[in-house]
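Okay, structure first, notes after.
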Amino acid sequence: MALRRAGCLIVCVLLWCEPAGSGQPQRTVRTASGPIAGRVEQGLAVFRGVPFAAPPVGELRWRPPAEPEPWTRTLGCTRFKPACPQKPGGFGGTRGPFSEDCLYLNVWAPAAKPDRPLPVMVWIHGGGFQRGTASIATYDGAAMAREGVVLVSVNYRLGPLGFLAHPALTAESPNKTSGNYGLLDQLAALRWVRRNIAAFGGNASNVTIFGQSAGGVSVCALLASPRAKGLFHRAICHSGGAPRRLRYRDRPNGRLSSAEDAGVGFARRLIGRAGADGSDVLKLLRSRPADEVLQAADNVPLGPGGGIQGFLSVDGWLLTQSPGEAFAAGKQTPVPLMVGTTADEGTIFTQAGRIDSPAKLRVLLRVLFRGRAGQAGKLYPADDRAATRKAVAALYSDVFVCGARLVARAHAAAQKDTYLYHFTRTPDYGLRERLGCFHGIELPYLFGTFAKSWKPSADDRELGRTMRRCWVRFAKTGNPNGSGPPAWPRYTAAADRHLVFDTPIRAGEHLRKKRCDFLDETPIR
């Protein structure tokens with residue numbers, strides 16, 4: 001196996017890593033695995049495509065991430081590496097290239113050694129655990145790093161390659177578990193940060209994890225995992241939350257079959273019943289090309305809970321209970337936390353228009369709320385097609401918004417430095433009328449990566465700068481407040497206050513209280 005892993009690394013170097021000495025200013029750093037060279041770009045040292053784990057291919061497919069084989073020659077890490085295999089396109093997705101050899105991270109650090117170690121911020125991308133990659137242009141870390149942090153972004157395995165559970169995988173595991181390999185990749189990246197980030201000017205004792213959508217759910221999962229304690233010291237959750245109802249690895253959870261049963265069904269689709277029920281099932285599964293693995297996976301719909309329930313599972317080792325259950329019981333890691341959402345989270349997920357009539361909406365509400373469907377109908381009323389779509393989008397948005405409030409309430413009971421935000425700024429762009437302040441719209445503001453077609457105003461750019469400063473102050477101290485505005489109140493259940501990011505920035509209270517109180521009493525996630 002050592003020879004195979006070494007061979008994979010050699011292929012990686014030949015295909016994806018440039019040799020050092022390309023003529024541009026460079027900075028060389030020695031990591032625990034070997035020396036790497038990045039480019040100096042406008043006062044920053046940027047390292048793209050740094051291996052933090054061995055390529056999860058061959059016998060390493062569907063195993064916890066392994067340490068990369070060490071090297072002695074300097075790797076020129078100046079290009080992003082492929083995204084993990086996924087269906088191309090879609091919101092939060094990428095057009096490729098794709099490769100199972102995808103466990104790489106990227107670092108933006110000061111080109112000159114700082115006077116003292118800087119806070120570290122580790123970005124976890126979204127995409128429903130099915131799509132996305134750290135190299136999406138929106139996630140460029142330069143603007144954040146210039147505010148005084150070392151910024152790291154990470155790839156992790158997705159879809160069936162990242163989250164398959166199966167009895168045979170459990171049997172071969174030293175921890176007697178399977179699934180959640182994508183979360184294990186995130187843990188491996190955090191361990192890499194702990195071992196190596198000092199060489200980039202970062203402080204391994206001051207690490208903030210932050211992510212959006214599935215990345216935000218990942219943040220809550222890491223807060224809930226006993227295996228992640230000590231690997232980070234602050235957390236920021238964008239439009240994610242702490243799902244309560246997940247598959248259990250080895251037994252059903254209500255209407256959800258066990259993750260292992262779902263894995264058995266997947267194996268039968270991929271290699272046939274005879275192979276799936278035989279003794280060589282894992283050998284056969286690992287022999288199939290990644291594109292066949294993706295084709296055999298169920299088409300799990302995106303939307304509140306869809307992709308999450310289809311992939312994350314309570315495996316008994318990494319997650320001993322769902323993140324929602326851990327937060328409700330006060331068992332999450334009590335580090336300082338920021339959590340929030342956008343105003344129109346649901347519009348992205350309702351574009352297909354499957355619920356497009358009042359009658360279909362009533363059916364949906366009966367399925368979700370059962371005996372309380374009548375009360376739900378008063379909160380989400382509709383009497384025609386347009387009103388139906390608006391009501392469905394409002395319901396989907398509230399799942400995110402109220403889920404964030406639920407996380408803030410649970411966490412504030414254990415950690416006073418808990419902050420809730422709500423982003424409501426809608427710039428003048430082509431999708432304004434249809435999508436409003438949609439899921440993920442705050443990210444170009446935060447990262448300072450506006451697309452040229454948006455033509456951001458001076459107010460938009462200033463709002464982004466203010467957000468970056470709040471996020472960086474939080475990473476430095478656990479408190480986003482500085483000497484001047486905005487004044488961001490700590491969250492308490494009694495006051496129920498939050499900060500509204502718009503022009504102007506302002507404090508608010510009791511965000512969507514009536515609907516959130518209803519959803520708290522009748523949870524659907």
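Ordering of the structure tokens sets the chain letters (A, B, ...); residue numbers start at 1 within each chain; ligands are numbered from 1 in the order shown.
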
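For segment 387-397 of chain A, the residues within 8 Å (counting only C-alpha atoms, excluding itself and residues fewer than 4 positions away along the chain) are A:Gly303, A:Pro304, A:Ala343, A:Asp344, A:Glu345, A:Gly346, A:Thr347, A:Phe349, A:Thr350, A:Gly353, A:Ile355, A:Asp356, A:Ser357, A:Pro358, A:Leu361, A:Tyr380, A:Pro381, A:Ala382, A:Asp383, A:Val401.
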
Item to check | Leu158 of chain A surroundings by only C-alpha atoms, 8 Å radius, close-in-sequence under 5 positions cut, as a count of residues only | outcome: 8

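Proximity ranking of A:Gly141, A:Pro289, A:Gly403, A:Gly482 relative to Val107 of chain A places A:Gly141 first, based on only C-alpha atoms.
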
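Separating atom CA of Tyr181 of chain A from atom CA of Ser313 of chain A is a distance of 10.6 Å.
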
Neighbours of Leu319 of chain A within 12 Å (only C-alpha atoms; same-chain residues fewer than 2 positions away dropped), as an mmCIF file with N, CA and C atoms, in the first residue's frame?
data_model
loop_
_atom_site.group_PDB
_atom_site.id
_atom_site.type_symbol
_atom_site.label_atom_id
_atom_site.label_comp_id
_atom_site.auth_asym_id
_atom_site.auth_seq_id
_atom_site.Cartn_x
_atom_site.Cartn_y
_atom_site.Cartn_z
ATOM 1 N N THR A 177 -17.169 1.547 12.285
ATOM 2 C CA THR A 177 -18.117 2.536 11.791
ATOM 3 C C THR A 177 -17.834 2.797 10.324
ATOM 4 N N SER A 178 -18.767 3.449 9.648
ATOM 5 C CA SER A 178 -18.552 3.853 8.260
ATOM 6 C C SER A 178 -19.421 5.065 7.972
ATOM 7 N N GLY A 179 -19.099 5.743 6.860
ATOM 8 C CA GLY A 179 -19.790 6.978 6.498
ATOM 9 C C GLY A 179 -19.060 8.206 7.000
ATOM 10 N N ASN A 180 -19.541 9.378 6.629
ATOM 11 C CA ASN A 180 -19.012 10.665 7.114
ATOM 12 C C ASN A 180 -17.542 10.869 6.774
ATOM 13 N N TYR A 181 -17.073 10.288 5.663
ATOM 14 C CA TYR A 181 -15.668 10.460 5.298
ATOM 15 C C TYR A 181 -15.354 11.916 4.953
ATOM 16 N N LEU A 183 -16.560 14.546 6.465
ATOM 17 C CA LEU A 183 -16.289 15.221 7.739
ATOM 18 C C LEU A 183 -14.919 14.814 8.282
ATOM 19 N N LEU A 184 -14.538 13.554 8.090
ATOM 20 C CA LEU A 184 -13.212 13.121 8.524
ATOM 21 C C LEU A 184 -12.124 13.857 7.752
ATOM 22 N N SER A 218 -21.517 21.617 8.488
ATOM 23 C CA SER A 218 -20.264 20.982 8.911
ATOM 24 C C SER A 218 -19.711 21.631 10.173
ATOM 25 N N CYS A 220 -21.410 23.062 12.544
ATOM 26 C CA CYS A 220 -22.206 22.581 13.677
ATOM 27 C C CYS A 220 -21.905 21.119 13.986
ATOM 28 N N ALA A 221 -21.669 20.312 12.956
ATOM 29 C CA ALA A 221 -21.314 18.913 13.181
ATOM 30 C C ALA A 221 -19.978 18.798 13.902
ATOM 31 N N LEU A 222 -19.020 19.639 13.533
ATOM 32 C CA LEU A 222 -17.726 19.618 14.221
ATOM 33 C C LEU A 222 -17.858 20.101 15.655
ATOM 34 N N LEU A 223 -18.729 21.080 15.882
ATOM 35 C CA LEU A 223 -19.001 21.508 17.252
ATOM 36 C C LEU A 223 -19.615 20.369 18.063
ATOM 37 N N ALA A 224 -20.399 19.525 17.405
ATOM 38 C CA ALA A 224 -21.090 18.435 18.103
ATOM 39 C C ALA A 224 -20.230 17.187 18.250
ATOM 40 N N SER A 225 -19.146 17.087 17.495
ATOM 41 C CA SER A 225 -18.349 15.861 17.485
ATOM 42 C C SER A 225 -17.325 15.832 18.612
ATOM 43 N N PRO A 226 -17.296 14.771 19.397
ATOM 44 C CA PRO A 226 -16.244 14.664 20.425
ATOM 45 C C PRO A 226 -14.861 14.526 19.823
ATOM 46 N N ARG A 227 -14.764 14.119 18.558
ATOM 47 C CA ARG A 227 -13.460 13.929 17.912
ATOM 48 C C ARG A 227 -12.822 15.239 17.475
ATOM 49 N N ALA A 228 -13.594 16.316 17.427
ATOM 50 C CA ALA A 228 -13.072 17.592 16.931
ATOM 51 C C ALA A 228 -12.616 18.529 18.040
ATOM 52 N N ARG A 244 -31.380 17.972 13.285
ATOM 53 C CA ARG A 244 -31.719 17.048 14.362
ATOM 54 C C ARG A 244 -32.012 15.650 13.827
ATOM 55 N N LEU A 246 -31.292 12.885 11.453
ATOM 56 C CA LEU A 246 -30.371 12.270 10.509
ATOM 57 C C LEU A 246 -30.561 10.759 10.513
ATOM 58 N N ARG A 247 -30.020 10.128 9.507
ATOM 59 C CA ARG A 247 -29.962 8.674 9.510
ATOM 60 C C ARG A 247 -29.040 8.201 10.628
ATOM 61 N N TYR A 248 -29.394 7.093 11.253
ATOM 62 C CA TYR A 248 -28.447 6.366 12.093
ATOM 63 C C TYR A 248 -27.700 5.381 11.208
ATOM 64 N N ARG A 249 -26.458 5.131 11.553
ATOM 65 C CA ARG A 249 -25.673 4.204 10.733
ATOM 66 C C ARG A 249 -26.293 2.817 10.681
ATOM 67 N N LEU A 312 -25.097 12.891 5.625
ATOM 68 C CA LEU A 312 -24.645 12.828 7.013
ATOM 69 C C LEU A 312 -25.381 11.722 7.764
ATOM 70 N N SER A 313 -24.694 11.102 8.713
ATOM 71 C CA SER A 313 -25.339 10.071 9.530
ATOM 72 C C SER A 313 -24.737 10.075 10.923
ATOM 73 N N VAL A 314 -25.520 9.599 11.870
ATOM 74 C CA VAL A 314 -25.034 9.394 13.234
ATOM 75 C C VAL A 314 -24.311 8.049 13.230
ATOM 76 N N ASP A 315 -22.986 8.114 13.150
ATOM 77 C CA ASP A 315 -22.207 6.900 12.917
ATOM 78 C C ASP A 315 -21.746 6.208 14.194
ATOM 79 N N GLY A 316 -21.958 6.850 15.354
ATOM 80 C CA GLY A 316 -21.574 6.248 16.622
ATOM 81 C C GLY A 316 -20.149 6.505 17.033
ATOM 82 N N TRP A 317 -19.371 7.150 16.194
ATOM 83 C CA TRP A 317 -17.959 7.417 16.517
ATOM 84 C C TRP A 317 -17.633 8.895 16.305
ATOM 85 N N GLN A 321 -24.469 11.520 18.226
ATOM 86 C CA GLN A 321 -25.859 11.939 18.121
ATOM 87 C C GLN A 321 -25.911 13.030 17.071
ATOM 88 N N SER A 322 -27.096 13.388 16.613
ATOM 89 C CA SER A 322 -27.188 14.427 15.595
ATOM 90 C C SER A 322 -26.732 15.760 16.184
ATOM 91 N N PRO A 323 -26.242 16.677 15.343
ATOM 92 C CA PRO A 323 -25.854 17.987 15.860
ATOM 93 C C PRO A 323 -26.987 18.683 16.607
ATOM 94 N N GLY A 324 -28.222 18.592 16.100
ATOM 95 C CA GLY A 324 -29.342 19.224 16.792
ATOM 96 C C GLY A 324 -29.565 18.665 18.175
ATOM 97 N N GLU A 325 -29.447 17.350 18.316
ATOM 98 C CA GLU A 325 -29.596 16.726 19.630
ATOM 99 C C GLU A 325 -28.456 17.129 20.559
ATOM 100 N N ALA A 326 -27.247 17.219 20.028
ATOM 101 C CA ALA A 326 -26.106 17.625 20.852
ATOM 102 C C ALA A 326 -26.288 19.049 21.362
ATOM 103 N N LYS A 331 -24.239 19.579 24.722
ATOM 104 C CA LYS A 331 -23.038 18.758 24.615
ATOM 105 C C LYS A 331 -22.096 19.222 23.504
ATOM 106 N N GLN A 332 -22.402 20.328 22.856
ATOM 107 C CA GLN A 332 -21.510 20.848 21.828
ATOM 108 C C GLN A 332 -20.293 21.506 22.480
#

Checklist entry - Skipping near chain neighbours, those fewer than 4 positions away, what residues fall within 7 Å of Phe52 of chain A using only C-alpha atoms, listed as a list in words? => result Pro68, Leu103, Tyr104, Leu105, Ala189 and Trp192 of chain A

Would you save the residues of that selection, restricted to N, CA and C atoms, as a PDB file, in the first residue's frame?
ATOM      1  N   PRO A  68      -0.336  11.972   4.026  1.00  0.00           N
ATOM      2  CA  PRO A  68       0.353  11.923   2.728  1.00  0.00           C
ATOM      3  C   PRO A  68       1.761  11.354   2.883  1.00  0.00           C
ATOM      4  N   LEU A 103      -7.850  15.812  -2.124  1.00  0.00           N
ATOM      5  CA  LEU A 103      -7.728  16.268  -0.735  1.00  0.00           C
ATOM      6  C   LEU A 103      -6.554  17.241  -0.602  1.00  0.00           C
ATOM      7  N   TYR A 104      -6.841  18.472  -0.968  1.00  0.00           N
ATOM      8  CA  TYR A 104      -5.865  19.561  -0.949  1.00  0.00           C
ATOM      9  C   TYR A 104      -6.492  20.759  -0.254  1.00  0.00           C
ATOM     10  N   LEU A 105      -5.641  21.636   0.236  1.00  0.00           N
ATOM     11  CA  LEU A 105      -6.099  22.892   0.822  1.00  0.00           C
ATOM     12  C   LEU A 105      -5.288  24.039   0.248  1.00  0.00           C
ATOM     13  N   ALA A 189      -7.836  18.060   7.753  1.00  0.00           N
ATOM     14  CA  ALA A 189      -7.337  19.388   7.394  1.00  0.00           C
ATOM     15  C   ALA A 189      -7.050  20.215   8.642  1.00  0.00           C
ATOM     16  N   TRP A 192      -3.876  19.076  10.058  1.00  0.00           N
ATOM     17  CA  TRP A 192      -2.780  19.645   9.265  1.00  0.00           C
ATOM     18  C   TRP A 192      -2.502  21.076   9.710  1.00  0.00           C
TER      19      TRP A 192
END

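Here atom CA of Arg268 of chain A stands at a distance of 9.8 Å from atom CA of Leu285 of chain A.
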
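Pairwise distance (atom CA of Gln26 of chain A, atom CA of Lys113 of chain A) equals 13.8 Å.
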
Checklist entry - Residues of segment 155-244 of chain A in strand (DSSP E or B) according to DSSP, as a ChimeraX atom specification? => result /A:202-212,234-238

Residues from the last selection, C-alpha atoms, saved as a PDB file, in the first residue's frame:
ATOM      1  CA  GLY A 202      -0.453  31.407  11.871  1.00  0.00           C
ATOM      2  CA  ASN A 203      -1.354  30.672  15.477  1.00  0.00           C
ATOM      3  CA  ALA A 204      -2.379  27.021  15.881  1.00  0.00           C
ATOM      4  CA  SER A 205      -3.906  27.938  19.247  1.00  0.00           C
ATOM      5  CA  ASN A 206      -6.347  30.415  17.659  1.00  0.00           C
ATOM      6  CA  VAL A 207      -8.239  28.682  14.839  1.00  0.00           C
ATOM      7  CA  THR A 208     -11.709  29.705  13.632  1.00  0.00           C
ATOM      8  CA  ILE A 209     -13.740  27.361  11.453  1.00  0.00           C
ATOM      9  CA  PHE A 210     -16.368  28.957   9.228  1.00  0.00           C
ATOM     10  CA  GLY A 211     -18.541  27.702   6.420  1.00  0.00           C
ATOM     11  CA  GLN A 212     -21.742  28.279   4.474  1.00  0.00           C
ATOM     12  CA  ARG A 234     -14.108  29.753  17.480  1.00  0.00           C
ATOM     13  CA  ALA A 235     -16.814  28.968  14.934  1.00  0.00           C
ATOM     14  CA  ILE A 236     -18.961  30.813  12.383  1.00  0.00           C
ATOM     15  CA  CYS A 237     -21.997  29.216  10.727  1.00  0.00           C
ATOM     16  CA  HIS A 238     -23.435  30.782   7.563  1.00  0.00           C
TER      17      HIS A 238
END

Checklist outcome for this item: Counting only C-alpha atoms, closest pick from A:Ala458, A:Ala507, A:Leu443, A:Val339 relative to Tyr419 of chain A is A:Val339

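The smallest atom-to-atom distance between Asn481 of chain A and any of A:Met338, A:Ala493, A:Val264, A:Ala83, using only C-alpha atoms, is found for A:Met338.
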
Next on the checklist: Run DSSP on the backbone and tell me which residues of segment 129-296 of chain A come out as alpha helix (DSSP H); list them as a PyMOL selection string.
Outcome noted: chain A and resi 142-145+159-163+167-172+181-196+214-224+259-276+281-287+290-296
